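This is query_17.tsv. It holds TSV, C-alpha atoms.
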```
chain	number	residue	atom	x	y	z
U	20	MET	CA	18.02	197.27	152.09
U	21	THR	CA	16.91	193.63	152.12
U	22	GLU	CA	19.42	190.89	152.98
U	23	LYS	CA	18.61	187.24	152.25
U	24	LYS	CA	20.45	183.99	151.75
U	25	PHE	CA	19.82	180.88	149.73
U	26	TYR	CA	21.49	177.50	149.38
U	27	LEU	CA	23.05	176.28	146.16
U	28	GLN	CA	22.69	172.52	145.96
U	29	SER	CA	23.51	169.67	143.61
U	30	SER	CA	23.66	165.89	143.49
U	31	SER	CA	27.47	166.33	143.27
U	32	PRO	CA	29.75	168.07	145.77
U	33	LEU	CA	29.83	171.85	145.40
U	34	GLN	CA	32.73	172.33	147.78
U	35	GLU	CA	36.42	172.12	146.87
U	36	ILE	CA	35.70	172.89	143.19
U	37	GLY	CA	36.02	176.68	143.28
U	38	MET	CA	32.29	177.29	143.66
U	39	ARG	CA	32.61	180.16	146.14
U	40	ALA	CA	35.07	181.93	143.86
U	41	GLN	CA	32.65	181.50	140.95
U	42	VAL	CA	29.78	182.92	143.02
U	43	ILE	CA	31.75	185.93	144.26
U	44	SER	CA	33.06	186.65	140.77
U	45	PHE	CA	29.52	186.50	139.39
U	46	LEU	CA	28.13	188.80	142.09
U	47	ILE	CA	30.88	191.37	141.50
U	48	ALA	CA	30.22	191.24	137.74
U	49	GLU	CA	26.55	191.92	138.50
U	50	GLY	CA	27.54	195.13	140.27
U	51	ILE	CA	26.80	193.80	143.74
U	52	LYS	CA	29.16	195.30	146.30
U	53	GLU	CA	28.40	193.14	149.36
U	54	GLY	CA	27.41	189.53	149.97
U	55	ASN	CA	28.92	186.22	150.94
U	56	ALA	CA	29.44	182.63	149.85
U	57	LEU	CA	30.17	179.97	152.47
U	58	ASN	CA	30.51	176.23	152.42
U	59	ASP	CA	27.65	174.56	154.25
U	60	PRO	CA	29.29	173.02	157.33
U	61	GLU	CA	27.02	169.96	157.27
U	62	ASP	CA	26.66	169.11	153.59
U	63	LYS	CA	29.41	169.22	150.92
U	64	LYS	CA	26.72	169.36	148.26
U	65	LYS	CA	25.61	172.82	149.43
U	66	VAL	CA	27.02	176.33	149.39
U	67	ILE	CA	25.33	179.23	151.19
U	68	VAL	CA	25.00	182.53	149.29
U	69	ALA	CA	23.99	185.83	150.94
U	70	VAL	CA	22.90	188.79	148.83
U	71	PRO	CA	21.69	192.23	149.86
U	72	ALA	CA	19.58	194.25	147.45
U	73	ASP	CA	16.95	196.97	147.36
U	74	ASN	CA	14.21	194.35	147.40
U	75	GLU	CA	13.53	190.62	147.39
U	76	GLU	CA	12.64	190.68	143.69
U	77	ARG	CA	16.20	191.76	142.85
U	78	ILE	CA	17.65	188.99	145.04
U	79	ASN	CA	15.44	186.44	143.28
U	80	GLN	CA	16.69	187.73	139.92
U	81	VAL	CA	20.33	187.45	141.02
U	82	ARG	CA	19.68	183.92	142.30
U	83	SER	CA	18.06	182.90	139.00
U	84	ASP	CA	20.84	184.44	136.88
U	85	LEU	CA	23.51	182.83	139.08
U	86	ILE	CA	21.97	179.37	138.67
U	87	SER	CA	21.79	179.83	134.92
U	88	HIS	CA	25.44	180.93	134.83
U	89	LEU	CA	26.71	178.09	137.01
U	90	ASN	CA	24.83	175.42	135.06
U	91	GLN	CA	26.57	176.53	131.83
U	92	LEU	CA	30.14	176.33	133.15
U	93	TYR	CA	30.59	172.63	132.30
U	94	LYS	CA	30.53	173.58	128.61
U	95	ASN	CA	34.05	174.99	129.02
U	96	ASP	CA	35.77	171.61	128.61
U	97	PHE	CA	39.21	172.88	129.55
U	98	CYS	CA	38.40	174.27	133.00
U	99	TYR	CA	34.99	173.05	134.08
U	100	GLN	CA	34.15	169.80	132.28
U	101	ASN	CA	33.47	168.09	135.62
U	102	PHE	CA	31.53	170.98	137.08
U	103	PRO	CA	27.99	170.00	138.20
U	104	ARG	CA	25.20	170.53	135.67
U	105	ASP	CA	22.27	170.20	138.06
U	106	ILE	CA	22.79	173.12	140.44
U	107	THR	CA	19.60	174.46	142.00
U	108	ALA	CA	18.86	177.06	144.65
U	109	SER	CA	16.62	176.95	147.69
U	110	GLU	CA	14.04	179.52	148.59
U	111	LEU	CA	15.22	182.71	150.27
U	112	HIS	CA	15.94	182.60	154.00
U	113	GLU	CA	16.81	185.11	156.69
U	114	LEU	CA	20.54	185.45	157.30
U	115	THR	CA	20.33	184.14	160.87
U	116	ASN	CA	18.53	180.86	160.38
U	117	PRO	CA	19.76	178.08	160.50
U	118	HIS	CA	23.37	179.03	159.58
U	119	PRO	CA	24.22	182.63	160.50
U	120	VAL	CA	25.81	184.49	157.59
U	121	MET	CA	27.48	187.89	157.59
U	122	VAL	CA	27.32	190.19	154.59
U	123	LEU	CA	30.84	191.39	153.72
U	124	PRO	CA	32.35	193.72	151.13
U	125	LEU	CA	32.83	191.46	148.11
U	126	ASN	CA	36.22	192.94	147.19
U	127	ASP	CA	37.54	191.96	150.62
U	128	LEU	CA	36.02	188.51	150.31
U	129	ALA	CA	37.43	188.10	146.79
U	130	ASN	CA	40.92	188.91	148.08
U	131	SER	CA	40.52	186.37	150.87
U	132	LEU	CA	39.33	183.69	148.44
U	133	MET	CA	42.24	184.46	146.11
U	134	LEU	CA	44.71	183.87	148.92
U	135	GLU	CA	42.93	180.66	149.88
U	136	GLN	CA	42.97	179.39	146.29
U	137	THR	CA	46.63	180.37	145.88
U	138	GLY	CA	47.46	178.44	149.03
U	139	LYS	CA	45.75	175.38	147.59
U	140	GLY	CA	47.73	175.85	144.38
U	141	VAL	CA	51.03	175.85	146.23
U	142	GLY	CA	50.16	172.53	147.84
U	143	ALA	CA	48.97	171.13	144.53
U	144	MET	CA	52.17	172.14	142.74
U	145	LYS	CA	54.34	170.45	145.37
U	146	TYR	CA	52.81	167.09	144.45
U	147	PRO	CA	53.81	167.13	140.73
U	148	ALA	CA	57.25	168.46	141.66
U	149	GLY	CA	57.74	165.53	144.03
U	150	ALA	CA	56.41	163.08	141.47
U	151	ILE	CA	58.82	164.39	138.81
U	152	THR	CA	61.73	164.06	141.23
U	153	GLU	CA	60.72	160.47	141.99
U	154	LEU	CA	60.28	159.74	138.28
U	155	LYS	CA	63.85	160.94	137.62
U	156	PHE	CA	65.18	158.35	140.03
U	157	THR	CA	62.87	155.70	138.62
U	158	LEU	CA	64.17	156.33	135.09
U	159	GLU	CA	67.85	156.31	136.12
U	160	PRO	CA	68.35	152.59	135.26
U	161	LEU	CA	66.85	153.21	131.82
U	162	LYS	CA	69.70	155.51	130.76
U	163	GLU	CA	71.57	152.43	129.55
U	164	LEU	CA	68.66	151.28	127.36
U	165	PRO	CA	69.85	152.93	124.10
U	166	GLU	CA	73.22	151.15	124.33
U	167	ILE	CA	71.52	147.82	125.08
U	168	LEU	CA	69.23	148.26	122.06
U	169	LYS	CA	72.21	148.99	119.79
U	170	LYS	CA	73.91	145.77	120.92
U	171	LEU	CA	70.73	143.74	120.39
U	172	THR	CA	70.26	145.21	116.93
U	173	ALA	CA	73.87	144.36	116.04
U	174	LYS	CA	73.36	140.73	117.18
U	175	LEU	CA	70.18	140.41	115.13
U	176	ASN	CA	71.86	141.66	111.97
```

Could you express the structure from this file as structure tokens?
Amino acid sequence: MTEKKFYLQSSSPLQEIGMRAQVISFLIAEGIKEGNALNDPEDKKKVIVAVPADNEERINQVRSDLISHLNQLYKNDFCYQNFPRDITASELHELTNPHPVMVLPLNDLANSLMLEQTGKGVGAMKYPAGAITELKFTLEPLKELPEILKKLTAKLN
């Protein structure tokens, strides 16, 4: 079994947009059972992907197919309209250099990512809830507006 990693890169940030979840989902759909996707600790425009396969040729094919898949996501206007369109991948590297990467069971990693994304969602939903609560208090003085408009209309007639 050969294990290699490569770096996804773009002119736009690849972190905090759900990129790792996209990568893991793609790998699982390709029938790959182990791998990894990590944010590059030094560059928000990079994500590290580790893939084991029978040979390097298969890893290169997965890398190529992944890039093609990711660069089409922006076409889904509803979910991914702001997703980068210029994602590329580096050459293959050993797992230990320069950022050590462990290969993990993808189902375990997918569960971990799901919890992480759910946690982000909870925080994100608290913001609109707070904004709606504030808006309610902001609109309180406007409850008298219909009556004021009726009086103005009566004066104009």

Distance in Å - CA of Gln91 (chain U) versus CA of Pro119 (chain U):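 A separation of 29.4 Å between them.
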
Report, in Å to a single decimal, how far apart CA of Arg104 (chain U) and CA of Glu22 (chain U) are.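 Going from CA of Glu22 (chain U) over to CA of Arg104 (chain U), I get 27.3 Å.
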
Nearby residues (all atoms listed in the file) at most 9 Å from region 78-83 of chain U, same-chain spacing under 3 positions excluded, as a list of chain:residue names: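 Returned residues: U:Thr21, U:Glu22, U:Lys23, U:Lys24, U:Phe25, U:Leu46, U:Glu49, U:Val68, U:Val70, U:Pro71, U:Ala72, U:Asp73, U:Asn74, U:Glu75, U:Ile86, U:Ser87, U:His88, U:Ala108, U:Glu110, U:Leu111.
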
I'd like to know which of U:Leu89, U:Leu134, U:Ala173, U:Met121 is closest to Pro103 (chain U), using all atoms listed in the file.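 Looking only at the distances to Pro103 (chain U), the closest residue turns out to be U:Leu89.
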
Using all atoms listed in the file for the distances, tell me which of U:Met38, U:Ile51, U:Ile43, U:Leu27 is nearest to Ile67 (chain U).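 Of the candidates, the smallest distance to Ile67 (chain U) is held by U:Leu27.
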
Measuring atom to atom with only C-alpha atoms, identify which of U:Lys52, U:His118, U:Lys169, U:Lys64 is nearest to Asp105 (chain U).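 Once distances to Asp105 (chain U) are computed over only C-alpha atoms, the minimum belongs to U:Lys64.
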
Which residue of U:Val66, U:Leu114, U:Leu125, U:Met20 approaches Phe45 (chain U) most closely, using only C-alpha atoms: U:Leu125

State, in Å with one decimal place, the distance from CA of Asp62 (chain U) to CA of Glu35 (chain U).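 These atoms are spaced 12.2 Å apart.
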
Which one of U:Lys170, U:His112, U:Lys162, U:Arg39 sits closest to Ala56 (chain U) if you count only C-alpha atoms?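 Closest candidate: U:Arg39.
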
Identify, on the basis of only C-alpha atoms, every residue whose closest approach to Gly37 (chain U) does not exceed 12 Å; exclude the query and any residue fewer than 2 positions from it along the same chain; express the result as a list in words.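 Counting only C-alpha atoms, the residues come to Pro32, Leu33, Gln34, Glu35, Arg39, Ala40, Gln41, Val42, Ile43, Ser44, Ala56, Leu57, Asn58, Val66, Leu89, Leu92, Cys98, Tyr99, Asn101, Phe102, Pro103, Leu132, Met133, Glu135, Gln136, Thr137, Lys139 and Gly140 of chain U.
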